[in-house]
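A.B. asks: Just so it is clear, I am handing over input-v9.cif, which has mmCIF, C-alpha atoms and all ligand atoms.
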data_run
loop_
_atom_site.label_atom_id
_atom_site.label_comp_id
_atom_site.auth_asym_id
_atom_site.auth_seq_id
_atom_site.Cartn_x
_atom_site.Cartn_y
_atom_site.Cartn_z
CA MET G 2 -99.97 -12.66 185.16
CA ARG G 3 -100.41 -16.32 184.39
CA SER G 4 -103.64 -17.33 182.66
CA PRO G 5 -106.09 -18.90 185.12
CA LEU G 6 -106.56 -22.64 185.32
CA ALA G 7 -109.53 -23.55 183.10
CA TYR G 8 -110.64 -27.05 184.13
CA CYS G 9 -110.91 -28.99 187.36
CA PRO G 10 -107.95 -31.43 187.57
CA VAL G 11 -110.17 -33.93 189.46
CA CYS G 12 -113.43 -34.04 187.42
CA ALA G 13 -112.67 -31.85 184.34
CA THR G 14 -115.59 -29.45 184.95
CA ALA G 15 -114.92 -25.86 183.83
CA LEU G 16 -113.78 -23.90 186.89
CA VAL G 17 -115.47 -20.66 188.00
CA ASP G 18 -114.33 -17.70 190.07
CA ARG G 19 -116.02 -17.45 193.45
CA LEU G 20 -115.60 -14.90 196.25
CA LEU G 21 -114.93 -16.83 199.45
CA HIS G 22 -115.13 -15.52 203.04
CA ALA G 23 -116.50 -12.18 201.85
CA GLY G 24 -116.04 -9.36 204.32
CA THR G 25 -113.37 -11.16 206.38
CA ALA G 26 -109.59 -11.02 206.44
CA GLU G 27 -109.59 -14.27 204.43
CA GLU G 28 -111.64 -12.78 201.59
CA ARG G 29 -110.25 -14.07 198.28
CA THR G 30 -111.52 -14.81 194.82
CA ARG G 31 -110.70 -18.47 194.14
CA ARG G 32 -111.06 -20.71 191.11
CA VAL G 33 -113.42 -23.41 192.31
CA CYS G 34 -115.11 -26.44 190.77
CA PRO G 35 -118.89 -25.81 190.55
CA ASN G 36 -119.62 -29.57 190.51
CA GLN G 37 -121.26 -30.06 193.92
CA ALA G 38 -119.98 -33.63 194.14
CA CYS G 39 -116.39 -32.40 193.71
CA GLY G 40 -115.89 -28.89 195.07
CA TRP G 41 -112.16 -28.78 194.30
CA THR G 42 -110.52 -25.39 195.03
CA HIS G 43 -107.47 -23.97 193.27
CA TRP G 44 -105.58 -22.43 196.19
CA ASP G 45 -102.90 -21.07 193.85
CA ASN G 46 -100.30 -20.86 196.60
CA PRO G 47 -96.98 -19.22 195.69
CA VAL G 48 -94.13 -21.48 194.59
CA PRO G 49 -90.80 -21.07 196.40
CA VAL G 50 -87.84 -20.22 194.17
CA VAL G 51 -84.23 -19.95 195.29
CA ALA G 52 -82.02 -17.15 193.94
CA ALA G 53 -78.26 -16.62 194.20
CA VAL G 54 -76.20 -13.44 194.33
CA VAL G 55 -73.10 -15.27 193.04
CA GLU G 56 -69.80 -13.66 194.02
CA ILE G 57 -66.48 -14.70 192.53
CA ALA G 58 -63.05 -13.38 193.47
CA THR G 59 -60.94 -12.11 190.55
CA GLU G 60 -57.58 -10.32 190.34
CA ALA G 61 -59.58 -7.14 189.66
CA GLY G 62 -61.70 -7.62 192.78
CA ALA G 63 -65.02 -9.21 193.66
CA LYS G 64 -67.53 -9.67 190.86
CA ILE G 65 -71.18 -10.65 190.87
CA ILE G 66 -72.41 -12.94 188.11
CA LEU G 67 -75.63 -11.82 186.43
CA VAL G 68 -77.34 -14.15 183.99
CA GLN G 69 -79.76 -14.04 181.10
CA ASN G 70 -82.33 -16.78 180.69
CA ARG G 71 -83.03 -18.20 177.23
CA GLY G 72 -85.57 -16.01 175.44
CA TRP G 73 -84.86 -12.86 177.45
CA PRO G 74 -84.11 -9.56 175.64
CA ASP G 75 -80.41 -8.59 175.40
CA ASN G 76 -80.72 -5.92 178.10
CA TRP G 77 -82.37 -8.12 180.75
CA TRP G 78 -80.16 -9.54 183.47
CA GLY G 79 -81.02 -11.36 186.64
CA LEU G 80 -79.82 -13.80 189.25
CA VAL G 81 -79.45 -17.55 188.98
CA THR G 82 -82.79 -18.96 190.14
CA GLY G 83 -84.38 -22.35 190.37
CA PHE G 84 -87.03 -24.55 191.90
CA LEU G 85 -86.60 -26.80 194.89
CA GLU G 86 -86.67 -30.55 194.56
CA ARG G 87 -89.04 -32.34 196.92
CA GLY G 88 -87.47 -32.51 200.39
CA GLU G 89 -84.50 -30.35 199.39
CA HIS G 90 -83.29 -27.60 201.74
CA PRO G 91 -83.19 -24.18 200.02
CA GLU G 92 -79.47 -23.83 200.80
CA ALA G 93 -78.75 -27.11 199.03
CA ALA G 94 -81.00 -26.09 196.15
CA VAL G 95 -79.26 -22.75 195.57
CA VAL G 96 -75.80 -24.37 195.56
CA ARG G 97 -77.09 -27.03 193.12
CA GLU G 98 -78.55 -24.36 190.81
CA VAL G 99 -75.26 -22.44 190.76
CA GLN G 100 -73.49 -25.68 189.82
CA GLU G 101 -76.05 -26.58 187.13
CA GLU G 102 -76.46 -23.13 185.58
CA LEU G 103 -72.92 -21.73 185.90
CA GLY G 104 -70.76 -24.82 186.40
CA LEU G 105 -69.34 -23.24 189.56
CA ALA G 106 -68.70 -24.85 192.92
CA GLY G 107 -70.34 -22.56 195.47
CA ARG G 108 -71.10 -22.29 199.14
CA VAL G 109 -73.77 -20.27 200.92
CA ALA G 110 -72.15 -17.25 202.57
CA GLY G 111 -75.38 -15.78 203.92
CA PHE G 112 -79.15 -15.53 203.70
CA ILE G 113 -80.35 -12.29 202.09
CA GLY G 114 -84.14 -12.42 202.42
CA HIS G 115 -87.55 -13.56 201.17
CA TYR G 116 -89.23 -11.59 198.38
CA ASP G 117 -92.76 -11.77 197.08
CA TYR G 118 -92.96 -11.94 193.29
CA ALA G 119 -96.73 -11.84 192.85
CA ASP G 120 -96.71 -11.55 189.04
CA MET G 121 -95.14 -15.02 188.86
CA ASN G 122 -96.87 -16.26 192.04
CA GLN G 123 -93.43 -16.99 193.49
CA LEU G 124 -91.71 -16.53 196.82
CA ILE G 125 -88.05 -15.81 196.13
CA ILE G 126 -85.59 -17.11 198.77
CA ALA G 127 -82.31 -15.31 198.15
CA TYR G 128 -78.79 -16.24 199.26
CA HIS G 129 -75.32 -14.83 198.87
CA VAL G 130 -73.25 -17.62 197.29
CA VAL G 131 -69.46 -17.42 197.04
CA ALA G 132 -68.23 -19.51 194.11
CA GLU G 133 -65.10 -20.41 192.25
CA GLY G 134 -64.11 -21.96 188.94
CA GLU G 135 -64.68 -21.13 185.28
CA VAL G 136 -68.24 -20.40 184.18
CA ALA G 137 -69.81 -23.05 181.93
CA LEU G 138 -73.39 -22.08 181.08
CA GLY G 139 -76.21 -24.58 181.63
CA ASP G 140 -79.16 -25.24 179.33
CA GLU G 141 -81.49 -22.58 180.75
CA LEU G 142 -79.14 -19.62 180.23
CA GLN G 143 -78.06 -17.78 177.08
CA ALA G 144 -75.49 -15.42 178.59
CA PHE G 145 -73.73 -14.27 181.74
CA LYS G 146 -71.74 -11.21 182.77
CA PRO G 147 -69.45 -10.65 185.73
CA VAL G 148 -70.22 -7.21 187.20
CA PRO G 149 -67.71 -5.51 189.52
CA LEU G 150 -69.33 -5.21 192.93
CA GLU G 151 -69.08 -1.40 192.90
CA LYS G 152 -70.95 -1.25 189.57
CA LEU G 153 -73.78 -3.57 190.56
CA LYS G 154 -77.16 -1.79 190.32
CA PRO G 155 -80.35 -3.37 191.63
CA TRP G 156 -83.57 -3.44 189.61
CA PRO G 157 -86.85 -2.59 191.33
CA PHE G 158 -88.63 -5.97 191.31
CA ALA G 159 -88.20 -9.69 191.85
CA THR G 160 -84.55 -10.71 192.40
CA GLY G 161 -83.49 -7.06 192.11
CA LEU G 162 -84.89 -6.50 195.60
CA ALA G 163 -82.46 -9.12 196.92
CA VAL G 164 -79.57 -7.38 195.13
CA ALA G 165 -80.58 -4.08 196.78
CA ASP G 166 -80.59 -5.65 200.26
CA PHE G 167 -77.30 -7.43 199.56
CA LEU G 168 -75.64 -4.12 198.60
CA LYS G 169 -77.15 -2.24 201.57
CA ARG G 170 -75.55 -4.69 204.01
CA ARG G 171 -72.05 -4.67 202.50
ZN ZN F 1 -114.16 -30.96 190.07
#
What do you get writing this file as structure tokens?
Ligand SMILES: [Zn+2]
C.D. replies:
Amino acid sequence: MRSPLAYCPVCATALVDRLLHAGTAEERTRRVCPNQACGWTHWDNPVPVVAAVVEIATEAGAKIILVQNRGWPDNWWGLVTGFLERGEHPEAAVVREVQEELGLAGRVAGFIGHYDYADMNQLIIAYHVVAEGEVALGDELQAFKPVPLEKLKPWPFATGLAVADFLKRR
């Protein structure tokens, strides 16, 4: 989990945890500003993140590109992910991320699903992206591996849930 926000971004008072709407469906513990004149609340809403199951056609058949972010252990692999720019449609964002992170020209071939990733306070929006070209890694990645479609195995959290749904529907 992320460490909680410590100070009010409006008046710099130390924030406190407060149970709001106790006993109702909206009951939540929120970080709030105890300064009566301010009363700022940290809603801590999830951040949308786009993710791509990137498929490339090779002579040996279809392959899915898994990637490793900088700083990840050698055995961790995931999907290309990224944040939306203000006003950007998620489909445009996922194609842009595939271009930036893999150097591949892609197109959205289908929507896979939305996935809650509470540990990172993210909402993952996953697409199947068909791409072509030679991979050229962007700044945020340290490695990639093309995995034959029939050998692709989902992992049980985050973008792995999108991989599982992608495989189920093939
Ligand atoms: Zn405040």
A.B. asks: Using all atoms listed in the file, which residues have at least one atom no more than 12 Å from ligand ZN 1 (chain F)? Output them as a tab-separated table (two decimals) with C-alpha atoms, keeping the file's coordinate frame.
C.D. replies:
chain	number	residue	atom	x	y	z
G	7	ALA	CA	-109.53	-23.55	183.10
G	8	TYR	CA	-110.64	-27.05	184.13
G	9	CYS	CA	-110.91	-28.99	187.36
G	10	PRO	CA	-107.95	-31.43	187.57
G	11	VAL	CA	-110.17	-33.93	189.46
G	12	CYS	CA	-113.43	-34.04	187.42
G	13	ALA	CA	-112.67	-31.85	184.34
G	14	THR	CA	-115.59	-29.45	184.95
G	15	ALA	CA	-114.92	-25.86	183.83
G	16	LEU	CA	-113.78	-23.90	186.89
G	17	VAL	CA	-115.47	-20.66	188.00
G	32	ARG	CA	-111.06	-20.71	191.11
G	33	VAL	CA	-113.42	-23.41	192.31
G	34	CYS	CA	-115.11	-26.44	190.77
G	35	PRO	CA	-118.89	-25.81	190.55
G	36	ASN	CA	-119.62	-29.57	190.51
G	37	GLN	CA	-121.26	-30.06	193.92
G	38	ALA	CA	-119.98	-33.63	194.14
G	39	CYS	CA	-116.39	-32.40	193.71
G	40	GLY	CA	-115.89	-28.89	195.07
G	41	TRP	CA	-112.16	-28.78	194.30
G	42	THR	CA	-110.52	-25.39	195.03
G	43	HIS	CA	-107.47	-23.97	193.27
A.B. asks: With stretch 117-135 of chain G as the partner and 8 Å as the cut-off, tabulate the residues of stretch 45-78 of chain G that qualify, each row holding the nearest pair of atoms and their distance in Å to one decimal, using all atoms listed in the file, sorted by chain and rising number, as CSV.
C.D. replies:
residue,atom,partner,partner_atom,distance
G:Asp45,CA,G:Asn122,CA,7.9
G:Asn46,CA,G:Asn122,CA,7.3
G:Pro47,CA,G:Asn122,CA,4.7
G:Val48,CA,G:Gln123,CA,4.7
G:Pro49,CA,G:Leu124,CA,4.6
G:Val50,CA,G:Ile125,CA,4.8
G:Val51,CA,G:Ile126,CA,4.7
G:Ala52,CA,G:Ala127,CA,4.6
G:Ala53,CA,G:Tyr128,CA,5.1
G:Val54,CA,G:His129,CA,4.8
G:Val55,CA,G:Val130,CA,4.9
G:Glu56,CA,G:Val131,CA,4.8
G:Ile57,CA,G:Ala132,CA,5.4
G:Ala58,CA,G:Glu133,CA,7.4
A.B. asks: Just checking: using all atoms listed in the file, which residue out of G:Ala26, G:Ile66, G:Leu103, G:Ile113 ends up closest to G:Arg170?
C.D. replies: G:Ile113
A.B. asks: Rank nothing, just name the residue among G:Gln100, G:Val109, G:Lys169, G:Leu21 nearest to G:Ala137, using all atoms listed in the file.
C.D. replies: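 The shortest atom-to-atom distance to G:Ala137 comes from G:Gln100.
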A.B. asks: Atom CA of G:Val81 to atom CA of G:Leu67: how many Å, to one decimal?
C.D. replies: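 Atom CA of G:Leu67 lies 7.3 Å from atom CA of G:Val81.
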A.B. asks: Centre and edge lengths, as lines of an AutoDock Vina configuration file, for the axis-aligned box enclosing every listed atom of stretch 92-99 of chain G with 4 Å of padding on each of the six sides, in Å to one decimal?
C.D. replies:
center_x = -78.1
center_y = -24.8
center_z = 195.8
size_x = 13.7
size_y = 12.7
size_z = 18.0
A.B. asks: Record the distance separating atom CA of G:Trp78 and atom CA of G:Arg108, expressed in Å with one decimal.
C.D. replies: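 Value for the atom CA of G:Trp78-atom CA of G:Arg108 distance: 22.1 Å.
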A.B. asks: Do a neighbour search on G:Leu150 at 6 Å with all atoms listed in the file, toss out local chain neighbours closer than 2 positions, and write the hits as number ranges by chain.
C.D. replies: G: 63-64, 152-153
A.B. asks: Would you work out the distance separating atom CA of G:Gly114 from atom CA of G:Lys146, expressed in Å to one decimal?
C.D. replies: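 Taking atom CA of G:Gly114 and atom CA of G:Lys146, their separation equals 23.3 Å.
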A.B. asks: Restricting the calculation to all atoms listed in the file: of G:Gly139, G:Leu20, G:Pro149, G:Pro155, which residue gets closest to G:Leu105?
C.D. replies: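 Ranked by minimum distance to G:Leu105, first place goes to G:Gly139.
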A.B. asks: Could you check which of G:Gln69, G:Asp75, G:Phe112, G:Val95 is closest to G:Ala163, using only C-alpha atoms?
C.D. replies: G:Phe112
A.B. asks: Do you know which residues lie at most 10 Å from (-82.4, -26.6, 196.0), with coordinates as in the file and only C-alpha atoms counted, and could you write them as a PyMOL selection string?
C.D. replies: chain G and resi 50-52+82-99
A.B. asks: In terms of the shortest atom-to-atom distance over only C-alpha atoms, which of G:Arg171, G:Gly79, G:Gln143, G:Gly104 is closest to G:Pro157?
C.D. replies: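 Going through G:Arg171, G:Gly79, G:Gln143, G:Gly104 one by one, the smallest distance to G:Pro157 is for G:Gly79.
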A.B. asks: Which of these residues is nearest to G:Leu6, using all atoms listed in the file: G:His115, G:Arg71, G:Arg31, G:His22?
C.D. replies: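 Among G:His115, G:Arg71, G:Arg31, G:His22, it is G:Arg31 that comes nearest to G:Leu6.
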A.B. asks: For stretch 54-73 of chain G, supply N, CA, C and O atoms and format the output as a PDB file, in the coordinates of the input.
C.D. replies:
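Ended up saving to result-v2.pdb:
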ATOM      1  N   VAL G  54     -77.144 -14.507 194.676  1.00  0.00           N
ATOM      2  CA  VAL G  54     -76.200 -13.440 194.330  1.00  0.00           C
ATOM      3  C   VAL G  54     -74.840 -14.143 194.349  1.00  0.00           C
ATOM      4  O   VAL G  54     -74.289 -14.423 195.415  1.00  0.00           O
ATOM      5  N   VAL G  55     -74.325 -14.475 193.149  1.00  0.00           N
ATOM      6  CA  VAL G  55     -73.100 -15.270 193.040  1.00  0.00           C
ATOM      7  C   VAL G  55     -71.894 -14.335 192.990  1.00  0.00           C
ATOM      8  O   VAL G  55     -71.788 -13.497 192.089  1.00  0.00           O
ATOM      9  N   GLU G  56     -71.021 -14.496 193.956  1.00  0.00           N
ATOM     10  CA  GLU G  56     -69.800 -13.660 194.020  1.00  0.00           C
ATOM     11  C   GLU G  56     -68.594 -14.524 193.704  1.00  0.00           C
ATOM     12  O   GLU G  56     -68.446 -15.624 194.250  1.00  0.00           O
ATOM     13  N   ILE G  57     -67.749 -14.024 192.796  1.00  0.00           N
ATOM     14  CA  ILE G  57     -66.480 -14.700 192.530  1.00  0.00           C
ATOM     15  C   ILE G  57     -65.350 -13.706 192.772  1.00  0.00           C
ATOM     16  O   ILE G  57     -65.508 -12.498 192.545  1.00  0.00           O
ATOM     17  N   ALA G  58     -64.228 -14.224 193.251  1.00  0.00           N
ATOM     18  CA  ALA G  58     -63.050 -13.380 193.470  1.00  0.00           C
ATOM     19  C   ALA G  58     -62.222 -13.383 192.182  1.00  0.00           C
ATOM     20  O   ALA G  58     -62.001 -14.438 191.590  1.00  0.00           O
ATOM     21  N   THR G  59     -61.827 -12.188 191.714  1.00  0.00           N
ATOM     22  CA  THR G  59     -60.940 -12.110 190.550  1.00  0.00           C
ATOM     23  C   THR G  59     -59.760 -11.215 190.929  1.00  0.00           C
ATOM     24  O   THR G  59     -59.790 -10.551 191.983  1.00  0.00           O
ATOM     25  N   GLU G  60     -58.735 -11.186 190.052  1.00  0.00           N
ATOM     26  CA  GLU G  60     -57.580 -10.320 190.340  1.00  0.00           C
ATOM     27  C   GLU G  60     -57.994  -8.862 190.408  1.00  0.00           C
ATOM     28  O   GLU G  60     -57.368  -8.049 191.085  1.00  0.00           O
ATOM     29  N   ALA G  61     -59.095  -8.524 189.680  1.00  0.00           N
ATOM     30  CA  ALA G  61     -59.580  -7.140 189.660  1.00  0.00           C
ATOM     31  C   ALA G  61     -60.599  -6.877 190.770  1.00  0.00           C
ATOM     32  O   ALA G  61     -61.279  -5.859 190.769  1.00  0.00           O
ATOM     33  N   GLY G  62     -60.747  -7.821 191.686  1.00  0.00           N
ATOM     34  CA  GLY G  62     -61.700  -7.620 192.780  1.00  0.00           C
ATOM     35  C   GLY G  62     -62.913  -8.513 192.657  1.00  0.00           C
ATOM     36  O   GLY G  62     -63.021  -9.304 191.716  1.00  0.00           O
ATOM     37  N   ALA G  63     -63.833  -8.353 193.620  1.00  0.00           N
ATOM     38  CA  ALA G  63     -65.020  -9.210 193.660  1.00  0.00           C
ATOM     39  C   ALA G  63     -65.979  -8.855 192.524  1.00  0.00           C
ATOM     40  O   ALA G  63     -66.172  -7.684 192.208  1.00  0.00           O
ATOM     41  N   LYS G  64     -66.529  -9.898 191.909  1.00  0.00           N
ATOM     42  CA  LYS G  64     -67.530  -9.670 190.860  1.00  0.00           C
ATOM     43  C   LYS G  64     -68.765 -10.509 191.152  1.00  0.00           C
ATOM     44  O   LYS G  64     -68.682 -11.588 191.733  1.00  0.00           O
ATOM     45  N   ILE G  65     -69.903  -9.953 190.729  1.00  0.00           N
ATOM     46  CA  ILE G  65     -71.180 -10.650 190.870  1.00  0.00           C
ATOM     47  C   ILE G  65     -71.600 -11.127 189.486  1.00  0.00           C
ATOM     48  O   ILE G  65     -71.515 -10.374 188.511  1.00  0.00           O
ATOM     49  N   ILE G  66     -72.027 -12.375 189.405  1.00  0.00           N
ATOM     50  CA  ILE G  66     -72.410 -12.940 188.110  1.00  0.00           C
ATOM     51  C   ILE G  66     -73.909 -12.737 187.868  1.00  0.00           C
ATOM     52  O   ILE G  66     -74.740 -13.292 188.591  1.00  0.00           O
ATOM     53  N   LEU G  67     -74.236 -11.946 186.859  1.00  0.00           N
ATOM     54  CA  LEU G  67     -75.630 -11.820 186.430  1.00  0.00           C
ATOM     55  C   LEU G  67     -75.845 -12.731 185.223  1.00  0.00           C
ATOM     56  O   LEU G  67     -74.902 -13.006 184.470  1.00  0.00           O
ATOM     57  N   VAL G  68     -77.065 -13.182 185.068  1.00  0.00           N
ATOM     58  CA  VAL G  68     -77.340 -14.150 183.990  1.00  0.00           C
ATOM     59  C   VAL G  68     -78.563 -13.725 183.193  1.00  0.00           C
ATOM     60  O   VAL G  68     -79.384 -12.928 183.644  1.00  0.00           O
ATOM     61  N   GLN G  69     -78.644 -14.308 181.997  1.00  0.00           N
ATOM     62  CA  GLN G  69     -79.760 -14.040 181.100  1.00  0.00           C
ATOM     63  C   GLN G  69     -80.369 -15.377 180.709  1.00  0.00           C
ATOM     64  O   GLN G  69     -79.683 -16.227 180.130  1.00  0.00           O
ATOM     65  N   ASN G  70     -81.645 -15.538 181.058  1.00  0.00           N
ATOM     66  CA  ASN G  70     -82.330 -16.780 180.690  1.00  0.00           C
ATOM     67  C   ASN G  70     -82.573 -16.836 179.189  1.00  0.00           C
ATOM     68  O   ASN G  70     -82.663 -15.797 178.532  1.00  0.00           O
ATOM     69  N   ARG G  71     -82.694 -18.037 178.648  1.00  0.00           N
ATOM     70  CA  ARG G  71     -83.030 -18.200 177.230  1.00  0.00           C
ATOM     71  C   ARG G  71     -84.339 -17.474 176.936  1.00  0.00           C
ATOM     72  O   ARG G  71     -85.294 -17.590 177.685  1.00  0.00           O
ATOM     73  N   GLY G  72     -84.355 -16.703 175.847  1.00  0.00           N
ATOM     74  CA  GLY G  72     -85.570 -16.010 175.440  1.00  0.00           C
ATOM     75  C   GLY G  72     -85.692 -14.595 175.997  1.00  0.00           C
ATOM     76  O   GLY G  72     -86.573 -13.852 175.587  1.00  0.00           O
ATOM     77  N   TRP G  73     -84.796 -14.224 176.917  1.00  0.00           N
ATOM     78  CA  TRP G  73     -84.860 -12.860 177.450  1.00  0.00           C
ATOM     79  C   TRP G  73     -84.257 -11.874 176.443  1.00  0.00           C
ATOM     80  O   TRP G  73     -83.338 -12.229 175.697  1.00  0.00           O
TER      81      TRP G  73
END
